[in-house]
file coords.csv (CSV, C-alpha atoms)
chain,number,residue,atom,x,y,z
A,214,MET,CA,0.0,0.0,0.0
A,215,LEU,CA,2.8,2.4,0.8
A,216,VAL,CA,4.4,1.7,-2.6
A,217,ILE,CA,1.2,2.7,-4.3
A,218,VAL,CA,0.6,5.8,-2.2
A,219,GLY,CA,4.2,6.9,-2.6
A,220,SER,CA,4.1,6.5,-6.4
A,221,LEU,CA,0.8,8.4,-6.6
A,222,ILE,CA,2.4,11.3,-4.6
A,223,VAL,CA,5.4,11.4,-6.9
A,224,LEU,CA,3.4,11.4,-10.0
A,225,GLY,CA,0.8,13.8,-8.7
A,226,SER,CA,3.4,16.3,-7.4
A,227,VAL,CA,5.4,16.2,-10.7
A,228,ALA,CA,2.4,16.4,-13.0
A,229,GLY,CA,0.6,18.9,-10.8
A,230,GLY,CA,3.5,21.2,-10.6
A,231,PHE,CA,4.1,21.0,-14.4
A,232,MET,CA,0.5,21.8,-15.1
A,233,MET,CA,0.5,24.7,-12.6
A,234,HIS,CA,3.2,26.2,-14.8
A,235,GLY,CA,1.0,26.0,-17.8
A,236,GLY,CA,2.4,22.7,-19.2
A,237,VAL,CA,0.4,20.3,-21.2
A,238,LEU,CA,0.5,16.9,-19.6
A,239,GLY,CA,0.4,15.1,-23.0
A,240,ALA,CA,3.7,16.6,-23.9
A,241,LEU,CA,5.4,14.5,-21.3
A,242,TRP,CA,4.2,11.3,-22.9
A,243,GLN,CA,6.9,10.3,-25.5
A,244,LEU,CA,6.6,6.6,-26.2
A,245,ASN,CA,9.8,6.6,-28.2
A,246,GLU,CA,11.8,8.0,-25.2
A,247,VAL,CA,10.2,5.4,-22.9
A,248,ILE,CA,11.2,2.6,-25.2
A,249,ILE,CA,14.8,3.8,-25.5
A,250,ILE,CA,15.3,4.3,-21.7
A,251,GLY,CA,13.3,1.3,-20.5
A,252,GLY,CA,14.6,-1.1,-23.2
A,253,ALA,CA,18.2,-0.1,-22.6
A,254,ALA,CA,17.8,-0.4,-18.8
A,255,ILE,CA,16.3,-3.9,-19.1
A,256,GLY,CA,19.0,-4.9,-21.6
A,257,ALA,CA,21.8,-3.6,-19.5
A,258,MET,CA,20.5,-5.5,-16.5
A,259,ILE,CA,20.2,-8.7,-18.5
A,260,ILE,CA,23.8,-8.3,-19.6
A,261,GLY,CA,25.2,-7.8,-16.1
A,262,THR,CA,22.9,-10.0,-14.0
A,263,PRO,CA,22.8,-13.8,-13.7
A,264,ILE,CA,19.5,-15.4,-14.6
A,265,SER,CA,19.1,-16.7,-11.0
A,266,LEU,CA,19.4,-13.2,-9.7
A,267,ILE,CA,16.9,-11.8,-12.3
A,268,LYS,CA,14.4,-14.5,-11.0
A,269,ALA,CA,15.1,-13.4,-7.4
A,270,LEU,CA,14.5,-9.8,-8.3
A,271,ILE,CA,11.2,-10.6,-10.0
A,272,ALA,CA,10.1,-12.5,-6.9
A,273,ARG,CA,11.1,-9.6,-4.7
A,274,PHE,CA,8.6,-7.3,-6.5
A,275,GLY,CA,5.8,-9.4,-5.0
A,276,GLY,CA,7.1,-8.4,-1.6
A,277,PHE,CA,6.0,-4.8,-2.2
A,278,PHE,CA,2.4,-5.8,-1.7
A,279,LYS,CA,3.0,-7.9,1.5
A,280,SER,CA,2.5,-6.5,4.9
A,281,PRO,CA,5.7,-6.0,6.9
A,282,PRO,CA,6.3,-8.2,10.0
A,283,THR,CA,3.9,-7.3,12.8
A,284,LYS,CA,3.9,-7.7,16.5
A,285,ASP,CA,1.4,-10.6,16.2
A,286,LEU,CA,3.8,-12.4,13.9
A,287,TYR,CA,6.6,-12.1,16.4
A,288,LEU,CA,4.3,-13.2,19.2
A,289,ASP,CA,3.6,-16.4,17.3
A,290,LEU,CA,7.4,-16.9,16.9
A,291,LEU,CA,8.0,-16.4,20.6
A,292,ALA,CA,5.2,-18.8,21.5
A,293,LEU,CA,6.5,-21.4,19.1
A,294,GLN,CA,10.0,-21.2,20.6
A,295,TYR,CA,8.5,-21.5,24.1
A,296,GLN,CA,6.8,-24.7,23.2
A,297,LEU,CA,9.9,-26.2,21.6
A,298,TYR,CA,12.1,-25.2,24.6
A,299,ARG,CA,9.6,-26.6,27.1
A,300,LEU,CA,9.7,-29.9,25.3
A,301,THR,CA,13.5,-29.8,25.4
A,302,GLN,CA,13.4,-29.1,29.1
A,303,GLN,CA,11.0,-31.9,29.8
A,304,SER,CA,12.1,-34.6,27.4
A,305,GLY,CA,15.6,-33.6,26.2
A,306,VAL,CA,16.8,-32.3,22.9
A,307,MET,CA,16.2,-35.6,21.2
A,308,ALA,CA,12.5,-35.0,21.5
A,309,LEU,CA,12.8,-32.3,18.9
A,310,GLU,CA,14.2,-34.6,16.2
A,311,ALA,CA,10.8,-35.7,14.9
A,312,HIS,CA,9.7,-32.1,14.7
A,313,VAL,CA,12.7,-30.8,12.7
A,314,GLU,CA,13.0,-33.8,10.4
A,315,GLU,CA,9.4,-33.3,9.1
A,316,PRO,CA,8.3,-29.8,10.1
A,317,GLU,CA,5.1,-29.9,8.0
A,318,LYS,CA,4.0,-32.9,10.1
A,319,SER,CA,5.1,-31.5,13.5
A,320,THR,CA,2.3,-31.1,16.0
A,321,ILE,CA,4.0,-28.0,17.3
A,322,PHE,CA,4.9,-26.3,14.0
A,323,SER,CA,1.5,-27.0,12.5
A,324,LYS,CA,0.0,-24.6,15.1
A,325,PHE,CA,2.0,-21.8,13.6
A,326,PRO,CA,1.3,-21.6,9.8
A,327,THR,CA,3.0,-18.2,9.4
A,328,PHE,CA,6.2,-19.8,10.6
A,329,LEU,CA,5.9,-22.9,8.4
A,330,ALA,CA,5.3,-20.5,5.4
A,331,ASN,CA,8.8,-19.0,6.0
A,332,HIS,CA,10.8,-21.7,4.4
A,333,HIS,CA,14.2,-20.3,5.3
A,334,ALA,CA,13.3,-19.7,8.9
A,335,VAL,CA,12.1,-23.4,9.1
A,336,ALA,CA,15.4,-24.6,7.6
A,337,PHE,CA,17.5,-22.3,9.8
A,338,LEU,CA,15.8,-23.6,13.0
A,339,SER,CA,15.7,-27.2,11.9
A,340,ASP,CA,19.4,-27.3,10.8
A,341,SER,CA,20.5,-25.6,14.0
A,342,VAL,CA,18.6,-28.1,16.1
A,343,ARG,CA,20.1,-31.0,14.1
A,344,VAL,CA,23.6,-29.7,15.0
A,345,ILE,CA,22.6,-29.6,18.7
A,346,ILE,CA,21.3,-33.2,18.5
A,347,LEU,CA,24.5,-34.4,16.9
A,348,GLY,CA,26.4,-32.9,19.9
A,349,GLY,CA,30.0,-32.0,20.4
A,350,VAL,CA,29.5,-28.3,19.6
A,351,THR,CA,30.0,-25.6,22.2
A,352,PRO,CA,27.5,-22.7,22.5
A,353,HIS,CA,30.2,-20.3,21.1
A,354,ASP,CA,30.8,-22.5,18.1
A,355,LEU,CA,27.0,-22.9,17.5
A,356,GLU,CA,26.7,-19.1,17.6
A,357,SER,CA,29.5,-18.8,15.0
A,358,LEU,CA,27.8,-21.4,12.8
A,359,MET,CA,24.4,-19.6,13.0
A,360,ASP,CA,26.1,-16.2,12.3
A,361,GLU,CA,27.7,-17.6,9.2
A,362,ASP,CA,24.3,-18.8,8.0
A,363,LEU,CA,22.7,-15.5,8.7
A,364,GLU,CA,25.5,-13.6,7.0
A,365,VAL,CA,25.2,-15.7,3.8
A,366,HIS,CA,21.4,-15.4,3.7
A,367,HIS,CA,21.7,-11.6,4.3
A,368,HIS,CA,24.3,-11.2,1.5
A,369,GLU,CA,22.3,-13.3,-1.0
A,370,SER,CA,19.0,-11.5,-0.1
A,371,LEU,CA,20.5,-8.1,-0.7
A,372,LYS,CA,21.7,-8.9,-4.2
A,373,PRO,CA,18.3,-8.1,-5.9
A,374,ALA,CA,18.2,-4.7,-4.2
A,375,GLN,CA,21.8,-4.1,-5.3
A,376,ALA,CA,21.0,-5.0,-8.9
A,377,LEU,CA,18.0,-2.7,-8.9
A,378,ALA,CA,20.2,0.1,-7.4
A,379,LYS,CA,22.6,-0.3,-10.3
A,380,VAL,CA,19.8,0.1,-12.8
A,381,ALA,CA,18.7,3.2,-10.9
A,382,ASP,CA,22.2,4.6,-11.2
A,383,ALA,CA,22.2,4.0,-15.0
A,384,LEU,CA,18.8,5.6,-15.7
A,385,PRO,CA,19.8,9.3,-15.7
A,386,GLY,CA,22.6,8.4,-18.2
A,387,LEU,CA,20.2,6.5,-20.4
A,388,GLY,CA,17.9,9.5,-20.3
A,389,ILE,CA,20.8,11.5,-21.7
A,390,VAL,CA,21.2,8.9,-24.4
A,391,ALA,CA,17.6,9.3,-25.3
A,392,ALA,CA,17.9,13.1,-25.3
A,393,VAL,CA,21.0,13.0,-27.5
A,394,LEU,CA,19.1,10.9,-30.0
A,395,GLY,CA,16.3,13.4,-30.0
A,396,ILE,CA,18.8,16.2,-30.6
A,397,VAL,CA,20.2,14.3,-33.6
A,398,ILE,CA,16.7,14.1,-35.1
A,399,THR,CA,16.3,17.8,-34.4
A,400,MET,CA,19.4,18.7,-36.2
A,401,GLN,CA,18.2,16.8,-39.2
A,402,ALA,CA,15.2,19.1,-39.3
A,403,ILE,CA,17.1,22.3,-38.5
A,404,GLY,CA,15.8,24.0,-41.7
A,405,GLY,CA,12.2,23.2,-40.9
A,406,PRO,CA,9.5,25.4,-39.2
A,407,PRO,CA,10.4,26.7,-35.7
A,408,GLU,CA,7.3,24.8,-34.3
A,409,GLU,CA,8.7,21.5,-35.6
A,410,ILE,CA,12.2,22.2,-34.2
A,411,GLY,CA,10.7,23.2,-30.8
A,412,HIS,CA,8.6,20.1,-30.6
A,413,SER,CA,11.7,17.9,-31.4
A,414,VAL,CA,13.8,19.7,-28.7
A,415,ALA,CA,11.0,19.3,-26.1
A,416,ALA,CA,10.7,15.6,-26.9
A,417,ALA,CA,14.4,15.2,-26.5
A,418,LEU,CA,14.4,16.9,-23.1
A,419,VAL,CA,11.6,14.7,-22.0
A,420,GLY,CA,14.1,11.8,-22.3
A,421,THR,CA,16.4,13.3,-19.7
A,422,PHE,CA,13.4,14.1,-17.5
A,423,LEU,CA,12.1,10.5,-17.6
A,424,GLY,CA,15.4,9.0,-16.9
A,425,ILE,CA,16.0,11.2,-13.8
A,426,LEU,CA,12.4,10.8,-12.6
A,427,ALA,CA,12.5,7.0,-13.0
A,428,SER,CA,15.8,6.8,-11.1
A,429,TYR,CA,15.2,9.0,-8.1
A,430,GLY,CA,11.4,8.9,-8.0
A,431,PHE,CA,10.8,5.1,-8.3
A,432,VAL,CA,13.7,2.7,-8.9
A,433,GLN,CA,16.0,3.9,-6.1
A,434,PRO,CA,13.2,4.0,-3.5
A,435,MET,CA,12.1,0.5,-4.6
A,436,SER,CA,15.7,-0.7,-4.0
A,437,SER,CA,15.7,0.9,-0.6
A,438,ALA,CA,12.3,-0.8,0.2
A,439,MET,CA,13.8,-4.2,-0.7
A,440,GLU,CA,16.8,-3.5,1.6
A,441,HIS,CA,14.3,-2.8,4.5
A,442,ALA,CA,12.5,-6.0,3.7
A,443,VAL,CA,15.7,-8.0,3.9
A,444,ASP,CA,16.6,-6.4,7.2
A,445,ALA,CA,13.1,-7.4,8.6
A,446,GLU,CA,13.6,-11.0,7.4
A,447,GLY,CA,17.0,-11.0,9.1
A,448,ARG,CA,15.6,-9.8,12.3
A,449,TYR,CA,13.1,-12.7,12.3
A,450,LEU,CA,16.0,-15.2,12.0
A,451,VAL,CA,18.1,-13.4,14.7
A,452,CYS,CA,15.2,-13.8,17.1
A,453,ILE,CA,15.3,-17.6,16.5
A,454,LYS,CA,19.1,-17.6,16.9
A,455,ALA,CA,18.9,-15.7,20.3
A,456,GLY,CA,16.3,-18.0,21.8
A,457,LEU,CA,17.9,-21.3,20.6
A,458,LEU,CA,21.3,-20.2,21.7
A,459,ALA,CA,20.0,-19.2,25.2
A,460,VAL,CA,18.3,-22.5,25.8
A,461,TYR,CA,21.4,-24.4,24.6
A,462,LYS,CA,23.4,-22.5,27.2
A,463,GLY,CA,21.0,-24.0,29.9
A,464,PHE,CA,18.6,-21.1,30.4
A,465,PRO,CA,14.9,-22.1,31.2
A,466,PRO,CA,12.4,-21.7,28.4
A,467,ALA,CA,10.9,-18.4,29.7
A,468,ILE,CA,14.3,-16.8,29.9
A,469,ALA,CA,15.3,-18.1,26.5
A,470,VAL,CA,12.2,-16.5,25.0
A,471,GLU,CA,13.1,-13.2,26.8
A,472,PHE,CA,16.5,-13.4,25.1
A,473,ALA,CA,14.7,-13.7,21.7
A,474,ARG,CA,12.2,-10.9,22.5
A,475,ARG,CA,15.0,-8.4,23.3
A,476,THR,CA,16.4,-8.7,19.8
A,477,LEU,CA,13.2,-7.4,18.2
A,478,PRO,CA,12.9,-3.7,17.0
A,479,GLU,CA,10.8,-1.6,19.4
A,480,ASP,CA,8.0,-0.9,16.9
A,481,VAL,CA,7.2,-4.6,16.7
A,482,ARG,CA,8.6,-5.9,20.0
A,483,PRO,CA,5.9,-7.3,22.3
A,484,THR,CA,6.0,-6.2,25.9
A,485,PHE,CA,7.2,-8.7,28.5
A,486,THR,CA,3.6,-9.2,29.6
A,487,GLU,CA,2.3,-9.7,26.1
A,488,SER,CA,5.1,-12.3,25.5
A,489,GLU,CA,4.4,-14.1,28.7
A,490,GLN,CA,0.6,-14.2,28.0
A,491,ALA,CA,1.2,-15.6,24.5
A,492,CYS,CA,3.5,-18.3,25.9
A,493,LYS,CA,1.2,-19.2,28.7
A,494,GLY,CA,-1.7,-19.4,26.3
A,495,GLN,CA,0.2,-21.9,24.2
A,496,LYS,CA,1.1,-23.8,27.4
A,497,ASP,CA,-2.5,-24.0,28.5
A,498,ALA,CA,-3.5,-25.1,25.0
A,499,ALA,CA,-0.9,-27.8,25.0
A,500,ALA,CA,-2.0,-29.0,28.5
A,501,ALA,CA,-5.6,-29.1,27.5
A,502,ALA,CA,-4.7,-31.2,24.4
call {"tool": "encode", "arguments": {"input": "coords.csv", "output": "structure tokens"}}
result
Amino acid sequence: MLVIVGSLIVLGSVAGGFMMHGGVLGALWQLNEVIIIGGAAIGAMIIGTPISLIKALIARFGGFFKSPPTKDLYLDLLALQYQLYRLTQQSGVMALEAHVEEPEKSTIFSKFPTFLANHHAVAFLSDSVRVIILGGVTPHDLESLMDEDLEVHHHESLKPAQALAKVADALPGLGIVAAVLGIVITMQAIGGPPEEIGHSVAAALVGTFLGILASYGFVQPMSSAMEHAVDAEGRYLVCIKAGLLAVYKGFPPAIAVEFARRTLPEDVRPTFTESEQACKGQKDAAAAA
């Protein structure tokens, strides 16, 4: 929603200000300039970007229309961790093996469909628990292993945003290319009527305008939005890491969940009471079952 609202504000401000100066809005629509700039930008991206990254970039566009992580989402994650850690406390870490080997069939994971839908989070938690089950790893080494996983994931997830940022950097230059081509056409008609020459020059200048507007008004903000989404995804995984590491160090489930809660940003961090109530609610549900 914010992407749509922001885009409308950009377009409305630019078009409105142009019309207030007496400009004719139709003069800004130059299809040939759009084809030159847009086609060259897409082609340049294809030249310098692996196909796997192009697919990841396309997939990232769908994220613009998804809601960012909410407090309720993190409450579910904390409640899930509490159930897992209580099971560990009561029956030992081996009791988690069945849950992490087939997460989709787990009686605990199935209660939290939003977590199951996050495939990387499921894999991150499951693989980390498998390492603990294998044994022979210190908490420090486990933390280093999880940090390596997080760093690789963060680096790979940022690549689509970085590729889009490079396209944004190129758009003003491509706008100049379109403008130069327009000037070439203008020079061919230099002996024509002044109205025709003026129209050609205006069309050429629109190319520069479109390249700059597309770069700073749309593509660069979209790249920044992707980076923010990657940071939010990383915070979700860091929350898992903090809780799992705490319980591996021997802290009781409630304290391990508190370690996880403290890693969350303040705008989505549940209060201590909210977290406790969510965990107790899951505990009561499990006892009733």
call {"tool": "closest_residue", "arguments": {"input": "coords.csv", "among": "A:Gln401, A:Ser280, A:Thr301, A:Thr262", "to": "Gln375 of chain A", "atoms": "all atoms listed in the file"}}
result
A:Thr262
call {"tool": "closest_residue", "arguments": {"input": "coords.csv", "among": "A:Phe278, A:Val470, A:Thr327, A:Glu446", "to": "Lys493 of chain A", "atoms": "all atoms listed in the file"}}
result
A:Val470
call {"tool": "closest_residue", "arguments": {"input": "coords.csv", "among": "A:Gly420, A:Pro407, A:Pro263, A:Pro316", "to": "Leu384 of chain A", "atoms": "only C-alpha atoms"}}
result
A:Gly420
call {"tool": "closest_residue", "arguments": {"input": "coords.csv", "among": "A:Gln433, A:Ser341, A:Leu300, A:Val237", "to": "Glu361 of chain A", "atoms": "all atoms listed in the file"}}
result
A:Ser341
call {"tool": "atom_distance", "arguments": {"input": "coords.csv", "atom1": "atom CA of Glu246 of chain A", "atom2": "atom CA of Val419 of chain A"}}
result
7.4 Å
call {"tool": "decode", "arguments": {"input": "coords.csv", "residues": "segment 281-311 of chain A", "atoms": "C-alpha atoms", "output": "compact mmCIF listing (two decimals), in the first residue's frame"}}
result
# COMPACT_ATOMS: atom_id res chain seq x y z
CA PRO A 281 5.72 -5.99 6.93
CA PRO A 282 6.27 -8.23 9.99
CA THR A 283 3.87 -7.30 12.77
CA LYS A 284 3.89 -7.72 16.53
CA ASP A 285 1.43 -10.63 16.21
CA LEU A 286 3.83 -12.42 13.87
CA TYR A 287 6.63 -12.14 16.42
CA LEU A 288 4.32 -13.19 19.24
CA ASP A 289 3.64 -16.39 17.31
CA LEU A 290 7.37 -16.92 16.88
CA LEU A 291 8.01 -16.43 20.60
CA ALA A 292 5.17 -18.79 21.51
CA LEU A 293 6.53 -21.40 19.08
CA GLN A 294 9.98 -21.16 20.63
CA TYR A 295 8.52 -21.49 24.11
CA GLN A 296 6.78 -24.74 23.18
CA LEU A 297 9.93 -26.16 21.64
CA TYR A 298 12.08 -25.19 24.59
CA ARG A 299 9.62 -26.59 27.14
CA LEU A 300 9.67 -29.87 25.26
CA THR A 301 13.46 -29.79 25.39
CA GLN A 302 13.40 -29.08 29.12
CA GLN A 303 10.96 -31.91 29.83
CA SER A 304 12.14 -34.64 27.44
CA GLY A 305 15.59 -33.62 26.25
CA VAL A 306 16.77 -32.28 22.92
CA MET A 307 16.23 -35.63 21.18
CA ALA A 308 12.49 -35.01 21.50
CA LEU A 309 12.84 -32.29 18.86
CA GLU A 310 14.21 -34.64 16.22
CA ALA A 311 10.84 -35.72 14.87
